[in-house]
file work-v6.tsv (TSV, N, CA and C atoms)
chain	number	residue	atom	x	y	z
W	1	MET	N	0.84	-1.17	0.00
W	1	MET	CA	0.00	0.00	0.00
W	1	MET	C	0.89	1.24	0.00
W	2	ASN	N	0.49	2.21	-0.77
W	2	ASN	CA	1.23	3.47	-0.86
W	2	ASN	C	0.98	4.29	0.39
W	3	LYS	N	2.02	4.50	1.18
W	3	LYS	CA	1.88	5.22	2.44
W	3	LYS	C	1.48	6.67	2.23
W	4	LYS	N	1.71	7.21	1.03
W	4	LYS	CA	1.34	8.59	0.74
W	4	LYS	C	-0.18	8.79	0.74
W	5	ILE	N	-0.92	7.76	0.37
W	5	ILE	CA	-2.38	7.91	0.32
W	5	ILE	C	-3.07	7.46	1.60
W	6	LYS	N	-2.36	6.81	2.48
W	6	LYS	CA	-2.95	6.31	3.73
W	6	LYS	C	-3.08	7.47	4.72
W	7	THR	N	-4.24	8.14	4.65
W	7	THR	CA	-4.50	9.27	5.53
W	7	THR	C	-5.90	9.11	6.13
W	8	ASP	N	-6.18	9.88	7.15
W	8	ASP	CA	-7.51	9.85	7.76
W	8	ASP	C	-8.58	10.25	6.74
W	9	SER	N	-8.26	11.23	5.91
W	9	SER	CA	-9.23	11.68	4.90
W	9	SER	C	-9.56	10.59	3.90
W	10	VAL	N	-8.53	9.87	3.45
W	10	VAL	CA	-8.76	8.77	2.50
W	10	VAL	C	-9.53	7.65	3.19
W	11	ASP	N	-9.19	7.35	4.44
W	11	ASP	CA	-9.95	6.36	5.20
W	11	ASP	C	-11.43	6.74	5.27
W	12	GLN	N	-11.70	8.00	5.55
W	12	GLN	CA	-13.10	8.46	5.62
W	12	GLN	C	-13.80	8.32	4.27
W	13	LEU	N	-13.10	8.64	3.19
W	13	LEU	CA	-13.67	8.48	1.86
W	13	LEU	C	-14.00	7.01	1.59
W	14	PHE	N	-13.06	6.12	1.88
W	14	PHE	CA	-13.29	4.70	1.65
W	14	PHE	C	-14.42	4.17	2.52
W	15	ASN	N	-14.53	4.64	3.75
W	15	ASN	CA	-15.66	4.24	4.61
W	15	ASN	C	-16.97	4.69	3.99
W	16	ALA	N	-16.98	5.89	3.43
W	16	ALA	CA	-18.20	6.39	2.77
W	16	ALA	C	-18.55	5.50	1.58
W	17	ILE	N	-17.56	5.13	0.78
W	17	ILE	CA	-17.80	4.28	-0.38
W	17	ILE	C	-18.30	2.90	0.06
W	18	LEU	N	-17.72	2.37	1.12
W	18	LEU	CA	-18.12	1.05	1.61
W	18	LEU	C	-19.54	1.01	2.15
W	19	CYS	N	-20.09	2.16	2.50
W	19	CYS	CA	-21.47	2.16	3.01
W	19	CYS	C	-22.51	2.21	1.89
W	20	LEU	N	-22.09	2.44	0.66
W	20	LEU	CA	-23.03	2.46	-0.46
W	20	LEU	C	-23.56	1.05	-0.69
W	21	GLN	N	-24.86	0.96	-0.95
W	21	GLN	CA	-25.48	-0.37	-1.04
W	21	GLN	C	-25.99	-0.75	-2.42
W	22	THR	N	-26.22	0.22	-3.27
W	22	THR	CA	-26.75	-0.09	-4.60
W	22	THR	C	-26.00	0.69	-5.67
W	23	ARG	N	-26.16	0.26	-6.90
W	23	ARG	CA	-25.55	0.97	-8.01
W	23	ARG	C	-26.11	2.39	-8.08
W	24	GLU	N	-27.39	2.55	-7.83
W	24	GLU	CA	-28.00	3.88	-7.85
W	24	GLU	C	-27.38	4.78	-6.79
W	25	GLU	N	-27.12	4.25	-5.61
W	25	GLU	CA	-26.43	5.03	-4.57
W	25	GLU	C	-25.03	5.42	-5.03
W	26	CYS	N	-24.37	4.52	-5.73
W	26	CYS	CA	-23.03	4.84	-6.27
W	26	CYS	C	-23.12	5.99	-7.26
W	27	TYR	N	-24.10	5.93	-8.17
W	27	TYR	CA	-24.28	7.04	-9.12
W	27	TYR	C	-24.51	8.35	-8.37
W	28	THR	N	-25.39	8.33	-7.39
W	28	THR	CA	-25.71	9.54	-6.64
W	28	THR	C	-24.48	10.12	-5.95
W	29	PHE	N	-23.72	9.27	-5.27
W	29	PHE	CA	-22.54	9.71	-4.53
W	29	PHE	C	-21.44	10.18	-5.47
W	30	PHE	N	-21.12	9.35	-6.46
W	30	PHE	CA	-19.99	9.67	-7.33
W	30	PHE	C	-20.28	10.86	-8.25
W	31	GLU	N	-21.52	11.08	-8.60
W	31	GLU	CA	-21.85	12.28	-9.38
W	31	GLU	C	-21.63	13.54	-8.56
W	32	ASP	N	-21.84	13.45	-7.25
W	32	ASP	CA	-21.55	14.59	-6.37
W	32	ASP	C	-20.05	14.72	-6.11
W	33	LEU	N	-19.36	13.60	-5.99
W	33	LEU	CA	-17.95	13.60	-5.62
W	33	LEU	C	-17.04	13.97	-6.78
W	34	CYS	N	-17.32	13.46	-7.96
W	34	CYS	CA	-16.43	13.59	-9.11
W	34	CYS	C	-17.04	14.46	-10.20
W	35	THR	N	-16.17	15.03	-11.01
W	35	THR	CA	-16.67	15.64	-12.24
W	35	THR	C	-17.01	14.51	-13.20
W	36	VAL	N	-17.76	14.83	-14.23
W	36	VAL	CA	-18.09	13.83	-15.24
W	36	VAL	C	-16.81	13.26	-15.85
W	37	ASN	N	-15.85	14.13	-16.17
W	37	ASN	CA	-14.60	13.67	-16.78
W	37	ASN	C	-13.80	12.78	-15.84
W	38	GLU	N	-13.77	13.09	-14.55
W	38	GLU	CA	-13.05	12.24	-13.59
W	38	GLU	C	-13.68	10.85	-13.53
W	39	LEU	N	-14.99	10.79	-13.48
W	39	LEU	CA	-15.68	9.51	-13.40
W	39	LEU	C	-15.49	8.71	-14.69
W	40	LEU	N	-15.57	9.38	-15.83
W	40	LEU	CA	-15.34	8.69	-17.09
W	40	LEU	C	-13.91	8.20	-17.21
W	41	SER	N	-12.95	8.95	-16.69
W	41	SER	CA	-11.55	8.52	-16.71
W	41	SER	C	-11.35	7.28	-15.85
W	42	LEU	N	-11.96	7.26	-14.68
W	42	LEU	CA	-11.86	6.07	-13.81
W	42	LEU	C	-12.47	4.85	-14.49
W	43	SER	N	-13.63	5.03	-15.09
W	43	SER	CA	-14.29	3.88	-15.74
W	43	SER	C	-13.49	3.43	-16.97
W	44	GLN	N	-12.86	4.38	-17.66
W	44	GLN	CA	-12.03	4.03	-18.81
W	44	GLN	C	-10.83	3.19	-18.37
W	45	ARG	N	-10.18	3.58	-17.27
W	45	ARG	CA	-9.04	2.80	-16.77
W	45	ARG	C	-9.46	1.38	-16.40
W	46	TYR	N	-10.63	1.26	-15.79
W	46	TYR	CA	-11.13	-0.05	-15.41
W	46	TYR	C	-11.39	-0.90	-16.66
W	47	GLU	N	-11.98	-0.29	-17.68
W	47	GLU	CA	-12.24	-1.01	-18.94
W	47	GLU	C	-10.93	-1.41	-19.60
W	48	VAL	N	-9.94	-0.53	-19.59
W	48	VAL	CA	-8.62	-0.83	-20.14
W	48	VAL	C	-8.02	-2.03	-19.41
W	49	ALA	N	-8.11	-2.03	-18.09
W	49	ALA	CA	-7.56	-3.14	-17.30
W	49	ALA	C	-8.23	-4.45	-17.68
W	50	ALA	N	-9.53	-4.43	-17.84
W	50	ALA	CA	-10.26	-5.65	-18.21
W	50	ALA	C	-9.82	-6.15	-19.58
W	51	MET	N	-9.62	-5.23	-20.51
W	51	MET	CA	-9.21	-5.62	-21.85
W	51	MET	C	-7.77	-6.14	-21.86
W	52	LEU	N	-6.89	-5.51	-21.09
W	52	LEU	CA	-5.51	-6.01	-20.98
W	52	LEU	C	-5.50	-7.40	-20.39
W	53	ARG	N	-6.32	-7.61	-19.40
W	53	ARG	CA	-6.41	-8.93	-18.76
W	53	ARG	C	-6.88	-9.98	-19.75
W	54	ASN	N	-7.69	-9.55	-20.71
W	54	ASN	CA	-8.20	-10.46	-21.74
W	54	ASN	C	-7.30	-10.48	-22.98
W	55	ARG	N	-6.06	-10.01	-22.80
W	55	ARG	CA	-5.01	-10.09	-23.82
W	55	ARG	C	-5.31	-9.29	-25.09
W	56	LYS	N	-6.05	-8.20	-24.97
W	56	LYS	CA	-6.28	-7.34	-26.12
W	56	LYS	C	-5.03	-6.50	-26.37
W	57	THR	N	-4.82	-6.11	-27.61
W	57	THR	CA	-3.66	-5.29	-27.96
W	57	THR	C	-3.92	-3.84	-27.60
W	58	TYR	N	-2.83	-3.07	-27.51
W	58	TYR	CA	-2.97	-1.64	-27.24
W	58	TYR	C	-3.85	-0.99	-28.31
W	59	LEU	N	-3.66	-1.39	-29.57
W	59	LEU	CA	-4.44	-0.80	-30.66
W	59	LEU	C	-5.93	-1.10	-30.48
W	60	GLU	N	-6.26	-2.34	-30.17
W	60	GLU	CA	-7.66	-2.71	-29.95
W	60	GLU	C	-8.26	-1.90	-28.78
W	61	ILE	N	-7.48	-1.77	-27.72
W	61	ILE	CA	-7.96	-1.05	-26.53
W	61	ILE	C	-8.15	0.42	-26.84
W	62	ALA	N	-7.18	1.01	-27.52
W	62	ALA	CA	-7.27	2.44	-27.87
W	62	ALA	C	-8.49	2.70	-28.77
W	63	GLU	N	-8.70	1.83	-29.73
W	63	GLU	CA	-9.84	2.00	-30.64
W	63	GLU	C	-11.17	1.87	-29.92
W	64	LYS	N	-11.28	0.90	-29.01
W	64	LYS	CA	-12.56	0.67	-28.32
W	64	LYS	C	-12.83	1.70	-27.23
W	65	THR	N	-11.80	2.08	-26.47
W	65	THR	CA	-12.01	2.93	-25.30
W	65	THR	C	-11.68	4.39	-25.52
W	66	GLY	N	-10.87	4.67	-26.53
W	66	GLY	CA	-10.40	6.03	-26.73
W	66	GLY	C	-9.26	6.41	-25.80
W	67	ALA	N	-8.75	5.44	-25.04
W	67	ALA	CA	-7.65	5.69	-24.11
W	67	ALA	C	-6.36	5.93	-24.89
W	68	SER	N	-5.53	6.80	-24.35
W	68	SER	CA	-4.22	7.04	-24.96
W	68	SER	C	-3.29	5.87	-24.63
W	69	THR	N	-2.23	5.75	-25.41
W	69	THR	CA	-1.26	4.70	-25.12
W	69	THR	C	-0.60	4.93	-23.77
W	70	ALA	N	-0.48	6.19	-23.35
W	70	ALA	CA	0.08	6.48	-22.02
W	70	ALA	C	-0.82	5.92	-20.93
W	71	THR	N	-2.13	6.10	-21.08
W	71	THR	CA	-3.08	5.56	-20.10
W	71	THR	C	-3.04	4.04	-20.10
W	72	ILE	N	-3.02	3.45	-21.28
W	72	ILE	CA	-2.97	1.99	-21.38
W	72	ILE	C	-1.70	1.46	-20.72
W	73	SER	N	-0.58	2.12	-20.96
W	73	SER	CA	0.70	1.71	-20.35
W	73	SER	C	0.66	1.83	-18.84
W	74	ARG	N	0.07	2.91	-18.34
W	74	ARG	CA	-0.03	3.12	-16.89
W	74	ARG	C	-0.86	2.01	-16.25
W	75	VAL	N	-1.99	1.69	-16.88
W	75	VAL	CA	-2.84	0.62	-16.34
W	75	VAL	C	-2.12	-0.72	-16.43
W	76	ASN	N	-1.43	-0.96	-17.54
W	76	ASN	CA	-0.68	-2.20	-17.69
W	76	ASN	C	0.40	-2.33	-16.62
W	77	ARG	N	1.06	-1.23	-16.31
W	77	ARG	CA	2.07	-1.24	-15.25
W	77	ARG	C	1.43	-1.59	-13.90
W	78	SER	N	0.24	-1.04	-13.65
W	78	SER	CA	-0.46	-1.37	-12.40
W	78	SER	C	-0.84	-2.84	-12.35
W	79	LEU	N	-1.29	-3.37	-13.47
W	79	LEU	CA	-1.64	-4.80	-13.51
W	79	LEU	C	-0.43	-5.68	-13.25
W	80	ASN	N	0.71	-5.29	-13.79
W	80	ASN	CA	1.91	-6.12	-13.69
W	80	ASN	C	2.73	-5.89	-12.43
W	81	TYR	N	2.75	-4.65	-11.95
W	81	TYR	CA	3.65	-4.32	-10.84
W	81	TYR	C	2.96	-3.61	-9.68
W	82	GLY	N	1.65	-3.51	-9.74
W	82	GLY	CA	0.91	-2.80	-8.70
W	82	GLY	C	0.60	-3.68	-7.50
W	83	ASN	N	-0.46	-3.32	-6.82
W	83	ASN	CA	-0.86	-3.99	-5.59
W	83	ASN	C	-1.90	-5.10	-5.80
W	84	ASP	N	-2.14	-5.48	-7.05
W	84	ASP	CA	-3.12	-6.51	-7.41
W	84	ASP	C	-4.56	-6.11	-7.11
W	85	GLY	N	-4.81	-4.81	-7.01
W	85	GLY	CA	-6.17	-4.34	-6.76
W	85	GLY	C	-7.13	-4.68	-7.89
W	86	TYR	N	-6.69	-4.45	-9.13
W	86	TYR	CA	-7.54	-4.80	-10.27
W	86	TYR	C	-7.87	-6.29	-10.23
W	87	ASN	N	-6.83	-7.12	-10.07
W	87	ASN	CA	-7.04	-8.57	-10.10
W	87	ASN	C	-7.95	-9.03	-8.97
W	88	MET	N	-7.83	-8.42	-7.80
W	88	MET	CA	-8.70	-8.77	-6.69
W	88	MET	C	-10.16	-8.54	-7.05
W	89	VAL	N	-10.43	-7.40	-7.66
W	89	VAL	CA	-11.81	-7.06	-8.04
W	89	VAL	C	-12.29	-7.98	-9.16
W	90	PHE	N	-11.45	-8.18	-10.18
W	90	PHE	CA	-11.87	-9.07	-11.28
W	90	PHE	C	-12.19	-10.47	-10.78
W	91	GLU	N	-11.39	-10.99	-9.87
W	91	GLU	CA	-11.65	-12.33	-9.34
W	91	GLU	C	-12.94	-12.38	-8.55
W	92	ARG	N	-13.22	-11.33	-7.80
W	92	ARG	CA	-14.47	-11.31	-7.02
W	92	ARG	C	-15.70	-11.17	-7.90
W	93	LEU	N	-15.55	-10.54	-9.04
W	93	LEU	CA	-16.70	-10.34	-9.94
W	93	LEU	C	-16.91	-11.50	-10.90
W	94	THR	N	-15.99	-12.43	-10.89
W	94	THR	CA	-16.10	-13.57	-11.81
W	94	THR	C	-16.97	-14.65	-11.22

call {"tool": "encode", "arguments": {"input": "work-v6.tsv", "output": "structure tokens"}}
result
Amino acid sequence: MNKKIKTDSVDQLFNAILCLQTREECYTFFEDLCTVNELLSLSQRYEVAAMLRNRKTYLEIAEKTGASTATISRVNRSLNYGNDGYNMVFERLT
């Protein structure tokens, strides 16, 4: 875990997220919390991660998601050298 992000404020944010119970509650909360572009960027990264996990090429991912190669590379680095957060979620959703 990155010690730079481990703060009381981040803990409070995560506690707030963990109390959400439905997708509609998530929409309500995240629309207030994030700008449209921030939320779309987060969802794009998640989609990129799923496509990388399914062995799609950078070109296929860029064409489908509109993500830049820099974004795809960053997500790929997280998948390969990160904290396994993406993989944890993908496994739970499978």

call {"tool": "atom_distance", "arguments": {"input": "work-v6.tsv", "atom1": "atom N of Arg77 in chain W", "atom2": "atom N of Cys34 in chain W"}}
result
25.0 Å

call {"tool": "select_by_dssp", "arguments": {"input": "work-v6.tsv", "residues": "chain W", "states": "helix (DSSP H, G or I)", "output": "PyMOL selection string"}}
result
chain W and resi 8-18+23-33+36-53+58-65+69-81+85-93

call {"tool": "atom_distance", "arguments": {"input": "work-v6.tsv", "atom1": "atom N of Glu91 in chain W", "atom2": "atom N of Leu42 in chain W"}}
result
18.9 Å

call {"tool": "closest_residue", "arguments": {"input": "work-v6.tsv", "among": "W:Leu93, W:Val48, W:Leu59, W:Ile17", "to": "Thr71 in chain W", "atoms": "only N, CA and C atoms"}}
result
W:Val48

call {"tool": "atom_distance", "arguments": {"input": "work-v6.tsv", "atom1": "atom C of Ser43 in chain W", "atom2": "CA of Asp8 in chain W"}}
result
26.2 Å

call {"tool": "residues_around", "arguments": {"input": "work-v6.tsv", "residues": "range 85-89 of chain W", "least_positions_apart": "5", "cutoff": "8 Å", "atoms": "only C-alpha atoms", "output": "short mmCIF file (atom, residue, chain, number, x, y, z; two decimals) with N, CA and C atoms, keeping the file's coordinate frame"}}
result
data_model
loop_
_atom_site.label_atom_id
_atom_site.label_comp_id
_atom_site.auth_asym_id
_atom_site.auth_seq_id
_atom_site.Cartn_x
_atom_site.Cartn_y
_atom_site.Cartn_z
N TYR W 46 -10.63 1.26 -15.79
CA TYR W 46 -11.13 -0.05 -15.41
C TYR W 46 -11.39 -0.90 -16.66
N ALA W 49 -8.11 -2.03 -18.09
CA ALA W 49 -7.56 -3.14 -17.30
C ALA W 49 -8.23 -4.45 -17.68
N LEU W 79 -1.29 -3.37 -13.47
CA LEU W 79 -1.64 -4.80 -13.51
C LEU W 79 -0.43 -5.68 -13.25
#
